[in-house]
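Participant: Got start.tsv for you, TSV, C-alpha atoms and all ligand atoms:
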```tsv
chain	number	residue	atom	x	y	z
G	1	MET	CA	0.00	0.00	0.00
G	2	GLY	CA	2.86	2.36	0.77
G	3	SER	CA	3.19	4.89	3.53
G	4	ILE	CA	2.50	8.60	3.99
G	5	LEU	CA	5.23	10.96	5.15
G	6	VAL	CA	3.99	13.75	7.40
G	7	THR	CA	6.54	16.52	7.88
G	8	GLY	CA	5.84	18.53	11.03
G	9	GLY	CA	3.63	15.65	12.16
G	10	ALA	CA	4.42	16.28	15.84
G	11	GLY	CA	2.90	19.77	15.64
G	12	PHE	CA	-0.66	20.92	16.31
G	13	ILE	CA	-2.37	20.19	12.97
G	14	GLY	CA	0.10	17.45	12.04
G	15	SER	CA	-0.53	15.34	15.15
G	16	HIS	CA	-4.30	15.36	14.62
G	17	THR	CA	-3.88	14.53	10.94
G	18	CYS	CA	-1.51	11.62	11.71
G	19	LEU	CA	-4.05	10.21	14.12
G	20	SER	CA	-6.81	10.41	11.50
G	21	LEU	CA	-4.52	8.82	8.88
G	22	ILE	CA	-3.66	5.90	11.18
G	23	GLU	CA	-7.30	5.41	12.12
G	24	LYS	CA	-8.07	5.17	8.40
G	25	GLY	CA	-5.50	2.39	8.05
G	26	TYR	CA	-2.56	4.35	6.63
G	27	GLU	CA	1.01	3.70	7.65
G	28	VAL	CA	2.47	7.00	8.75
G	29	ILE	CA	6.02	8.28	9.00
G	30	ILE	CA	6.45	11.49	11.00
G	31	LEU	CA	9.46	13.67	10.26
G	32	ASP	CA	9.81	16.53	12.73
G	33	SER	CA	12.71	18.55	14.13
G	34	LEU	CA	10.70	19.15	17.34
G	35	ILE	CA	11.64	22.84	17.12
G	36	ASN	CA	8.04	23.69	18.04
G	37	SER	CA	6.74	20.40	19.46
G	38	LYS	CA	7.48	17.67	21.96
G	39	ASN	CA	8.39	14.01	21.67
G	40	GLU	CA	5.53	13.17	24.04
G	41	VAL	CA	2.99	13.82	21.28
G	42	ILE	CA	4.14	10.57	19.60
G	43	ASN	CA	3.31	8.59	22.77
G	44	ARG	CA	-0.07	10.31	22.97
G	45	ILE	CA	-0.98	9.46	19.36
G	46	LYS	CA	0.00	5.84	20.06
G	47	LYS	CA	-2.05	5.83	23.26
G	48	ILE	CA	-5.19	6.95	21.43
G	49	CYS	CA	-4.57	4.35	18.71
G	50	LYS	CA	-4.04	1.63	21.29
G	51	ALA	CA	-7.29	2.44	23.03
G	52	ASN	CA	-9.13	1.87	19.75
G	53	ASN	CA	-7.19	-0.99	18.23
G	54	ASP	CA	-4.00	-2.54	19.55
G	55	LEU	CA	-2.56	-3.04	16.07
G	56	LEU	CA	-2.85	0.54	14.90
G	57	GLU	CA	0.02	2.01	16.93
G	58	LYS	CA	2.43	-0.12	14.87
G	59	ASN	CA	1.51	2.01	11.88
G	60	LEU	CA	3.42	5.01	13.19
G	61	LYS	CA	7.15	5.69	12.83
G	62	PHE	CA	8.89	8.83	14.03
G	63	PHE	CA	12.14	10.41	12.87
G	64	LYS	CA	13.60	13.46	14.56
G	65	CYS	CA	14.97	15.32	11.57
G	66	ASP	CA	15.25	18.86	10.26
G	67	LEU	CA	14.18	19.03	6.61
G	68	ARG	CA	17.19	21.19	5.91
G	69	GLU	CA	19.37	18.12	6.51
G	70	ILE	CA	18.80	16.63	3.07
G	71	ASN	CA	20.89	13.48	3.64
G	72	LYS	CA	18.72	12.47	6.56
G	73	VAL	CA	15.58	13.08	4.51
G	74	GLU	CA	16.91	10.86	1.72
G	75	LYS	CA	17.65	8.15	4.26
G	76	ILE	CA	14.04	8.17	5.46
G	77	PHE	CA	12.80	7.67	1.88
G	78	SER	CA	15.27	4.89	1.14
G	79	GLU	CA	14.60	3.08	4.43
G	80	ALA	CA	10.89	3.11	3.61
G	81	ILE	CA	11.65	1.42	0.28
G	82	ASN	CA	13.96	-1.12	1.90
G	83	GLY	CA	11.27	-1.90	4.49
G	84	GLY	CA	8.83	-2.68	1.66
G	85	ASN	CA	6.67	0.36	2.32
G	86	PRO	CA	7.74	3.18	-0.03
G	87	ILE	CA	6.46	6.68	0.64
G	88	LYS	CA	3.56	7.30	-1.74
G	89	GLY	CA	2.49	10.74	-0.62
G	90	VAL	CA	3.58	13.61	1.59
G	91	ILE	CA	1.67	16.03	3.79
G	92	HIS	CA	4.01	18.93	4.39
G	93	PHE	CA	3.24	20.82	7.60
G	94	ALA	CA	6.80	21.51	8.74
G	95	GLY	CA	7.70	25.16	9.02
G	96	LEU	CA	7.83	28.14	11.31
G	97	LYS	CA	4.58	30.06	11.79
G	98	SER	CA	4.97	33.01	14.14
G	99	VAL	CA	4.16	36.29	12.40
G	100	GLY	CA	5.98	38.38	15.03
G	101	GLU	CA	9.13	36.26	14.91
G	102	SER	CA	9.11	36.38	11.11
G	103	ILE	CA	9.12	40.19	11.15
G	104	LYS	CA	12.12	40.18	13.52
G	105	ASN	CA	13.97	37.41	11.70
G	106	PRO	CA	12.98	37.09	8.02
G	107	ILE	CA	16.22	35.29	7.15
G	108	LEU	CA	15.27	32.47	9.51
G	109	TYR	CA	11.78	32.23	8.00
G	110	TRP	CA	12.98	32.09	4.40
G	111	ASP	CA	15.70	29.65	5.38
G	112	VAL	CA	13.51	27.23	7.35
G	113	ASN	CA	10.34	27.44	5.29
G	114	LEU	CA	11.83	27.65	1.79
G	115	ILE	CA	14.94	25.48	2.09
G	116	SER	CA	12.92	22.77	3.87
G	117	SER	CA	10.35	22.73	1.08
G	118	ILE	CA	12.94	22.73	-1.71
G	119	ASN	CA	14.84	19.85	-0.07
G	120	LEU	CA	11.66	17.88	0.42
G	121	VAL	CA	10.52	18.26	-3.20
G	122	ARG	CA	14.01	17.44	-4.47
G	123	VAL	CA	14.07	14.19	-2.48
G	124	MET	CA	10.48	13.32	-3.43
G	125	ASP	CA	11.41	13.74	-7.09
G	126	LYS	CA	14.47	11.55	-6.70
G	127	PHE	CA	12.38	8.77	-5.12
G	128	ASP	CA	9.47	9.06	-7.63
G	129	CYS	CA	7.02	10.26	-4.99
G	130	ARG	CA	5.10	13.17	-6.50
G	131	ASN	CA	1.92	13.65	-4.46
G	132	ILE	CA	2.15	16.52	-2.01
G	133	VAL	CA	-0.31	18.42	0.17
G	134	PHE	CA	1.21	21.66	1.43
G	135	SER	CA	0.13	23.80	4.41
G	136	SER	CA	-0.33	27.29	3.09
G	137	SER	CA	-2.38	29.93	4.85
G	138	ALA	CA	-5.18	32.46	4.46
G	139	THR	CA	-2.57	34.97	5.61
G	140	LEU	CA	-1.67	35.14	1.89
G	141	TYR	CA	-4.75	37.29	1.29
G	142	GLY	CA	-3.36	40.05	3.54
G	143	GLN	CA	-5.86	42.72	4.49
G	144	SER	CA	-8.38	42.15	1.73
G	145	SER	CA	-11.66	43.93	2.39
G	146	LYS	CA	-13.76	41.31	0.58
G	147	GLU	CA	-16.49	39.72	2.66
G	148	LEU	CA	-15.60	36.18	1.58
G	149	LEU	CA	-12.15	35.32	0.27
G	150	ASN	CA	-11.98	32.92	-2.63
G	151	GLU	CA	-8.90	31.40	-4.21
G	152	GLU	CA	-8.83	34.19	-6.84
G	153	THR	CA	-8.64	36.95	-4.24
G	154	GLU	CA	-5.50	39.01	-4.70
G	155	ILE	CA	-2.45	37.54	-2.96
G	156	LYS	CA	-0.88	40.25	-0.84
G	157	PRO	CA	0.93	38.89	2.22
G	158	ILE	CA	1.96	41.58	4.69
G	159	ASN	CA	4.69	39.86	6.70
G	160	PRO	CA	7.68	37.52	6.06
G	161	TYR	CA	5.73	34.50	7.32
G	162	GLY	CA	3.12	35.15	4.63
G	163	THR	CA	5.65	35.92	1.90
G	164	SER	CA	7.56	32.72	2.73
G	165	LYS	CA	4.32	30.73	2.31
G	166	TYR	CA	3.67	32.48	-1.00
G	167	GLY	CA	7.25	31.75	-2.07
G	168	ILE	CA	6.62	28.03	-1.51
G	169	GLU	CA	3.35	28.19	-3.45
G	170	LEU	CA	5.17	29.77	-6.41
G	171	PHE	CA	7.96	27.19	-6.19
G	172	LEU	CA	5.41	24.35	-6.28
G	173	ASP	CA	3.67	25.98	-9.26
G	174	ASP	CA	6.98	26.02	-11.14
G	175	VAL	CA	7.63	22.38	-10.32
G	176	PHE	CA	4.15	21.46	-11.52
G	177	LYS	CA	4.43	23.46	-14.75
G	178	SER	CA	7.76	21.95	-15.69
G	179	THR	CA	6.57	18.36	-15.30
G	180	SER	CA	2.78	18.53	-15.34
G	181	GLU	CA	2.40	14.90	-16.27
G	182	ILE	CA	3.69	13.59	-13.00
G	183	TRP	CA	3.16	15.90	-10.00
G	184	SER	CA	-0.06	16.18	-8.00
G	185	ILE	CA	-0.05	19.17	-5.69
G	186	ALA	CA	-2.55	20.72	-3.29
G	187	LYS	CA	-1.81	23.98	-1.52
G	188	LEU	CA	-4.23	24.35	1.35
G	189	ARG	CA	-4.97	27.83	2.60
G	190	TYR	CA	-6.13	27.26	6.16
G	191	PHE	CA	-8.25	29.78	7.97
G	192	ASN	CA	-8.22	29.53	11.81
G	193	PRO	CA	-7.82	25.99	13.18
G	194	ILE	CA	-8.76	25.58	16.86
G	195	GLY	CA	-10.05	22.83	19.17
G	196	ALA	CA	-8.43	19.49	19.91
G	197	HIS	CA	-9.02	15.75	19.69
G	198	CYS	CA	-12.00	14.78	21.86
G	199	SER	CA	-9.85	12.51	24.06
G	200	GLY	CA	-8.04	15.56	25.44
G	201	LEU	CA	-4.76	13.70	24.89
G	202	ILE	CA	-3.49	15.82	22.00
G	203	GLY	CA	-4.02	19.51	21.31
G	204	GLU	CA	-2.27	22.79	20.55
G	205	ASN	CA	0.91	23.13	22.59
G	206	PRO	CA	2.56	26.43	21.71
G	207	VAL	CA	6.19	26.77	22.71
G	208	GLY	CA	6.64	30.19	24.34
G	209	ILE	CA	3.90	32.80	24.60
G	210	PRO	CA	1.07	32.17	22.13
G	211	ASN	CA	-0.10	34.91	19.76
G	212	ASN	CA	-3.32	33.39	18.52
G	213	ILE	CA	-6.62	34.07	20.19
G	214	PHE	CA	-7.66	30.51	21.09
G	215	PRO	CA	-4.62	29.30	23.08
G	216	LEU	CA	-4.58	32.71	24.80
G	217	LEU	CA	-8.27	32.44	25.65
G	218	LEU	CA	-7.69	28.95	27.12
G	219	ASP	CA	-4.73	30.15	29.14
G	220	LYS	CA	-6.30	33.30	30.56
G	221	THR	CA	-9.50	31.45	31.43
G	222	TYR	CA	-7.58	28.63	33.13
G	223	LYS	CA	-5.18	30.82	35.13
G	224	LYS	CA	-7.72	33.53	36.01
G	225	LYS	CA	-4.86	35.98	36.61
G	226	GLU	CA	-4.80	38.28	33.59
G	227	ASN	CA	-7.38	39.44	31.09
G	228	LEU	CA	-7.47	38.33	27.49
G	229	LYS	CA	-6.73	41.47	25.49
G	230	ILE	CA	-9.19	42.06	22.66
G	231	PHE	CA	-7.48	44.01	19.90
G	232	GLY	CA	-10.00	46.73	19.12
G	233	ASN	CA	-13.79	47.02	19.22
G	234	ASP	CA	-14.02	49.63	16.48
G	235	TRP	CA	-13.66	47.37	13.43
G	236	PRO	CA	-16.42	47.50	10.79
G	237	THR	CA	-17.88	44.17	12.00
G	238	ILE	CA	-21.03	42.98	13.76
G	239	ASP	CA	-19.85	44.09	17.24
G	240	GLY	CA	-16.61	45.94	16.41
G	241	THR	CA	-14.27	43.02	17.20
G	242	GLY	CA	-12.30	41.06	14.59
G	243	VAL	CA	-14.08	38.33	12.65
G	244	ARG	CA	-12.41	35.03	11.71
G	245	ASP	CA	-13.38	31.67	10.24
G	246	TYR	CA	-12.64	29.11	12.97
G	247	ILE	CA	-12.38	25.46	11.91
G	248	HIS	CA	-12.12	22.39	14.17
G	249	VAL	CA	-8.67	20.80	13.87
G	250	MET	CA	-10.29	17.36	13.41
G	251	ASP	CA	-12.23	18.66	10.39
G	252	LEU	CA	-8.96	20.03	9.05
G	253	ALA	CA	-7.32	16.62	9.60
G	254	GLU	CA	-10.10	14.93	7.65
G	255	ALA	CA	-9.76	17.48	4.85
G	256	HIS	CA	-6.08	16.54	4.43
G	257	ILE	CA	-6.86	12.87	3.94
G	258	LYS	CA	-9.65	13.58	1.48
G	259	ILE	CA	-7.43	15.91	-0.51
G	260	LEU	CA	-4.46	13.55	-0.52
G	261	GLU	CA	-6.72	10.76	-1.77
G	262	HIS	CA	-8.24	13.09	-4.37
G	263	ILE	CA	-4.95	14.26	-5.87
G	264	THR	CA	-3.46	10.76	-5.75
G	265	GLN	CA	-6.42	9.27	-7.59
G	266	THR	CA	-7.02	12.00	-10.14
G	267	LYS	CA	-3.33	12.81	-10.76
G	268	ASN	CA	-1.96	15.80	-12.58
G	269	LYS	CA	-3.51	18.33	-10.23
G	270	ASN	CA	-2.25	21.64	-8.97
G	271	LEU	CA	-4.89	22.95	-6.60
G	272	ASN	CA	-5.17	26.02	-4.43
G	273	LEU	CA	-7.88	25.35	-1.89
G	274	ASN	CA	-9.34	27.38	0.95
G	275	ILE	CA	-10.06	25.27	4.02
G	276	GLY	CA	-12.59	27.05	6.19
G	277	THR	CA	-16.21	26.78	7.28
G	278	GLY	CA	-17.34	29.90	5.41
G	279	LYS	CA	-18.80	31.26	8.66
G	280	GLY	CA	-17.39	34.32	10.41
G	281	THR	CA	-17.29	34.68	14.20
G	282	SER	CA	-16.26	37.80	16.10
G	283	VAL	CA	-13.96	37.70	19.12
G	284	LEU	CA	-16.87	38.61	21.41
G	285	GLU	CA	-19.06	35.92	19.86
G	286	LEU	CA	-16.30	33.36	20.34
G	287	ILE	CA	-15.98	34.32	24.01
G	288	LYS	CA	-19.74	34.11	24.53
G	289	ILE	CA	-19.99	30.65	22.98
G	290	PHE	CA	-16.93	29.46	24.92
G	291	GLU	CA	-18.43	30.66	28.22
G	292	LYS	CA	-21.82	29.09	27.53
G	293	THR	CA	-20.42	25.75	26.31
G	294	ASN	CA	-17.99	25.30	29.18
G	295	ASN	CA	-19.83	27.16	31.92
G	296	VAL	CA	-16.81	29.37	32.68
G	297	LYS	CA	-16.02	33.09	32.66
G	298	VAL	CA	-13.43	34.44	30.23
G	299	PRO	CA	-11.68	37.48	31.72
G	300	PHE	CA	-11.15	40.09	29.00
G	301	GLU	CA	-10.54	43.77	28.29
G	302	ILE	CA	-10.58	45.87	25.13
G	303	VAL	CA	-7.23	47.32	24.04
G	304	ASP	CA	-5.93	49.07	20.90
G	305	ARG	CA	-5.93	47.39	17.51
G	306	ARG	CA	-2.96	45.14	16.72
G	307	PRO	CA	-0.78	46.44	13.85
G	308	GLY	CA	-1.33	44.59	10.58
G	309	ASP	CA	-4.68	43.11	11.66
G	310	ALA	CA	-7.66	42.67	9.34
G	311	ALA	CA	-11.31	43.28	10.24
G	312	SER	CA	-12.67	40.06	8.77
G	313	VAL	CA	-11.07	36.96	7.23
G	314	VAL	CA	-13.65	34.39	6.17
G	315	ALA	CA	-13.38	31.66	3.53
G	316	ASP	CA	-15.42	31.23	0.42
G	317	ASN	CA	-15.28	27.42	0.52
G	318	GLN	CA	-17.25	26.64	-2.64
G	319	LEU	CA	-14.19	25.20	-4.38
G	320	LEU	CA	-13.58	22.87	-1.43
G	321	LYS	CA	-17.19	21.74	-1.63
G	322	SER	CA	-17.20	21.16	-5.38
G	323	THR	CA	-13.79	19.46	-5.41
G	324	LEU	CA	-14.33	17.01	-2.56
G	325	ASN	CA	-18.09	17.03	-2.12
G	326	TRP	CA	-17.26	17.71	1.52
G	327	LEU	CA	-17.40	20.58	3.99
G	328	PRO	CA	-16.31	20.91	7.64
G	329	LYS	CA	-18.96	19.57	10.01
G	330	LEU	CA	-17.95	20.37	13.58
G	331	SER	CA	-19.52	23.37	15.32
G	332	LEU	CA	-17.96	26.23	17.22
G	333	GLU	CA	-19.42	24.69	20.41
G	334	GLU	CA	-17.49	21.48	19.69
G	335	MET	CA	-14.30	23.48	19.05
G	336	CYS	CA	-14.76	25.26	22.41
G	337	ARG	CA	-15.66	22.05	24.27
G	338	ASP	CA	-12.72	20.03	22.92
G	339	GLY	CA	-10.23	22.89	23.31
G	340	TRP	CA	-11.21	23.38	26.96
G	341	ASN	CA	-11.11	19.60	27.63
G	342	TRP	CA	-7.51	19.56	26.29
G	343	LYS	CA	-6.59	22.59	28.44
G	344	ILE	CA	-7.96	21.29	31.73
G	345	LYS	CA	-6.35	17.89	31.19
G	346	ASN	CA	-2.99	19.42	30.16
G	347	PRO	CA	-2.80	22.92	31.68
G	348	PHE	CA	0.92	23.19	30.93
G	349	GLY	CA	0.94	21.29	27.65
G	350	TYR	CA	2.69	17.96	27.10
E	401	LIG	P1	3.23	23.67	14.61
E	401	LIG	O1	4.35	24.60	14.88
E	401	LIG	O2	2.49	23.13	15.77
E	401	LIG	O3	3.76	22.45	13.73
E	401	LIG	C1	4.81	22.58	12.81
E	401	LIG	C2	5.81	21.47	13.09
E	401	LIG	O4	6.89	21.56	12.16
E	401	LIG	C3	6.41	21.54	14.50
E	401	LIG	O5	6.24	20.30	15.15
E	401	LIG	C4	7.89	21.85	14.25
E	401	LIG	O6	8.71	21.23	15.22
E	401	LIG	C5	8.11	21.28	12.87
E	401	LIG	N1	9.18	21.91	12.09
E	401	LIG	C6	9.41	23.24	11.92
E	401	LIG	N2	10.47	23.42	11.10
E	401	LIG	C7	10.91	22.18	10.74
E	401	LIG	C8	11.95	21.70	9.89
E	401	LIG	N3	12.79	22.55	9.25
E	401	LIG	N4	12.10	20.38	9.74
E	401	LIG	C9	11.27	19.50	10.37
E	401	LIG	N5	10.28	19.89	11.20
E	401	LIG	C10	10.10	21.22	11.37
E	401	LIG	O7	2.25	24.40	13.61
E	401	LIG	P2	0.76	24.02	13.16
E	401	LIG	O8	-0.16	24.99	13.79
E	401	LIG	O9	0.52	22.59	13.32
E	401	LIG	O10	0.86	24.40	11.63
E	401	LIG	C11	1.26	23.46	10.65
E	401	LIG	C12	1.47	24.17	9.33
E	401	LIG	O11	0.26	24.84	8.98
E	401	LIG	C13	2.56	25.23	9.37
E	401	LIG	O12	3.26	25.18	8.14
E	401	LIG	C14	1.79	26.53	9.46
E	401	LIG	O13	2.47	27.60	8.87
E	401	LIG	C15	0.51	26.21	8.71
E	401	LIG	N6	-0.65	27.01	9.16
E	401	LIG	C16	-1.02	26.98	10.47
E	401	LIG	C17	-2.10	27.76	10.90
E	401	LIG	C18	-2.53	27.77	12.35
E	401	LIG	O14	-3.29	28.66	12.73
E	401	LIG	N7	-2.11	26.83	13.19
E	401	LIG	C19	-2.80	28.55	9.97
E	401	LIG	C20	-2.40	28.54	8.64
E	401	LIG	C21	-1.31	27.76	8.24
E	402	LIG	N1	-7.11	38.68	18.85
E	402	LIG	C1	-7.37	39.38	20.01
E	402	LIG	N2	-6.51	39.21	21.06
E	402	LIG	C2	-5.43	38.39	21.01
E	402	LIG	C3	-5.18	37.67	19.82
E	402	LIG	C4	-6.04	37.85	18.75
E	402	LIG	O1	-8.33	40.13	20.10
E	402	LIG	O2	-4.68	38.30	22.01
E	402	LIG	C5	-8.04	38.82	17.71
E	402	LIG	C6	-7.38	39.32	16.45
E	402	LIG	O3	-7.41	40.73	16.41
E	402	LIG	C7	-8.27	38.67	15.38
E	402	LIG	C8	-8.72	37.36	16.03
E	402	LIG	O4	-8.54	37.53	17.43
E	402	LIG	O5	-9.43	39.46	15.16
E	402	LIG	C9	-7.91	36.16	15.56
E	402	LIG	O6	-6.54	36.44	15.75
E	402	LIG	P1	-5.42	35.30	15.57
E	402	LIG	O7	-4.09	35.94	15.82
E	402	LIG	O8	-5.79	34.12	16.38
E	402	LIG	O9	-5.57	34.85	14.05
E	402	LIG	P2	-5.25	35.67	12.69
E	402	LIG	O10	-5.40	37.13	12.96
E	402	LIG	O11	-3.87	35.29	12.30
E	402	LIG	O12	-6.27	35.17	11.73
```
Show this structure as structure tokens.
Ligand code: NAD
Ligand code: UDP

Facilitator:
Amino acid sequence: MGSILVTGGAGFIGSHTCLSLIEKGYEVIILDSLINSKNEVINRIKKICKANNDLLEKNLKFFKCDLREINKVEKIFSEAINGGNPIKGVIHFAGLKSVGESIKNPILYWDVNLISSINLVRVMDKFDCRNIVFSSSATLYGQSSKELLNEETEIKPINPYGTSKYGIELFLDDVFKSTSEIWSIAKLRYFNPIGAHCSGLIGENPVGIPNNIFPLLLDKTYKKKENLKIFGNDWPTIDGTGVRDYIHVMDLAEAHIKILEHITQTKNKNLNLNIGTGKGTSVLELIKIFEKTNNVKVPFEIVDRRPGDAASVVADNQLLKSTLNWLPKLSLEEMCRDGWNWKIKNPFGY
């Protein structure tokens, strides 16, 4: 059958996707440098698998490896062949993702994100593995004022994290164009993934101080010491606070498998695909739903707008629907319930 390589598989979205892949019967190889994740996540994935079916945990292999070390990456591909289970497809999550850090250190972002992707594609090509699903981001659309962002919306990233993602998209387009008979590529532009697996065993585990609203909301609510700072209540939105398209990480995991299967079966594809629910939620709405679902109080205060922020970022997901005949299913209540369950079971992460 062959195996699937998941780069960055120890990270937030990667770990949930690996679990879903294994539960669907895939053999999974995780390649991760652990620069933004912990070894423990591998044990947790195995624990969930074991609870469901003793045999499944055998379908997971882990290699601590930085994609910039091309010799090590080659070794992983050749060992898979020697073990009788060649890598047939790759889901490429590995990369750095902090907007603030990317502004301070663009060289690091272009080095890690671009060199990693170039090495990966070079090795894939060498080993005749040409199906890749790449983690791009809705951050590519910058501060577009359109109500719903579709894949044709102008690409205008406003920070080095975003430009590095766009650089990888362009690189993959060039690879596809040069050899369009053999590569199948999907570039997924995620909106705002939140939540966790319902077991509470795996979830988002940011190293350092988080920047995103959901891990901050969990932290401030759990610790009850400081307020969550809401960045502005004077945006042109329903209640003045920023609107985003939150998607449950388990829906996102399922989307990856469906897309990988789609591009592998149909071949010769080069897709750009928004992955969102198509539904916008303001920061105040998110807080209200979180409080109601979990019967807790979220301490918050309104502060100034954050530089570079956008009023509303919501997906037009019609292309996702027509391509896969599938849309995300899990509700905001489920995102809030599962995220809180993960937090109270692991207040300090792994
Ligand atoms: P994450 O940081 O939790 O996971 C990324 C993983 O990649 C980490 O485990 C890290 O250790 C690993 N990694 C980083 N550089 C590496 C390298 N050179 N070689 C090998 N491993 C390396 O992030 P995430 O939230 O799971 O995001 C996954 C991907 O999705 C990232 O590429 C990110 O840019 C993209 N994305 C995330 C979001 C989001 O809100 N979480 C939104 C849009 C896009
Ligand atoms: N936000 C906020 N306080 C925070 C972090 C974020 O009010 O501490 C708001 C932010 O202005 C935006 C929304 O929450 O409207 C989502 O922000 P996040 O950084 O999570 O995602 P992104 O802006 O990258 O889509």

Participant: Taking all atoms listed in the file into account, which of G:Pro236, G:Gly89, G:Gly25, G:Gly11 comes nearest G:Thr264?

Facilitator: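 Result for the nearest residue to G:Thr264: G:Gly89.
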
Participant: Would you compute, for all listed atoms of stretch 215-232 of chain G, the axis-aligned bounding box grown by 3 Å on each side, and then report its centre and edge lengths in Å rounded to one decimal, as AutoDock Vina command-line options?

Facilitator:
```
--center_x -7.3 --center_y 37.7 --center_z 27.9 --size_x 11.4 --size_y 24.1 --size_z 23.5
```

Participant: Check the smallest atom-to-atom distance from each of G:Phe300, G:Trp183, G:Trp235, G:Tyr190 to G:Leu149 using all atoms listed in the file, then report the winner.

Facilitator: G:Tyr190

Participant: For each of G:Asp304, G:Glu226, G:Glu254, G:Glu333, take the minimum atom-to-atom distance to G:Thr281, counting all atoms listed in the file, then give the residue where this is smallest.

Facilitator: G:Glu333

Participant: Measure the distance from atom CA of G:Glu334 to atom CA of G:Val298 in Å and round it to one decimal.

Facilitator: 17.2 Å
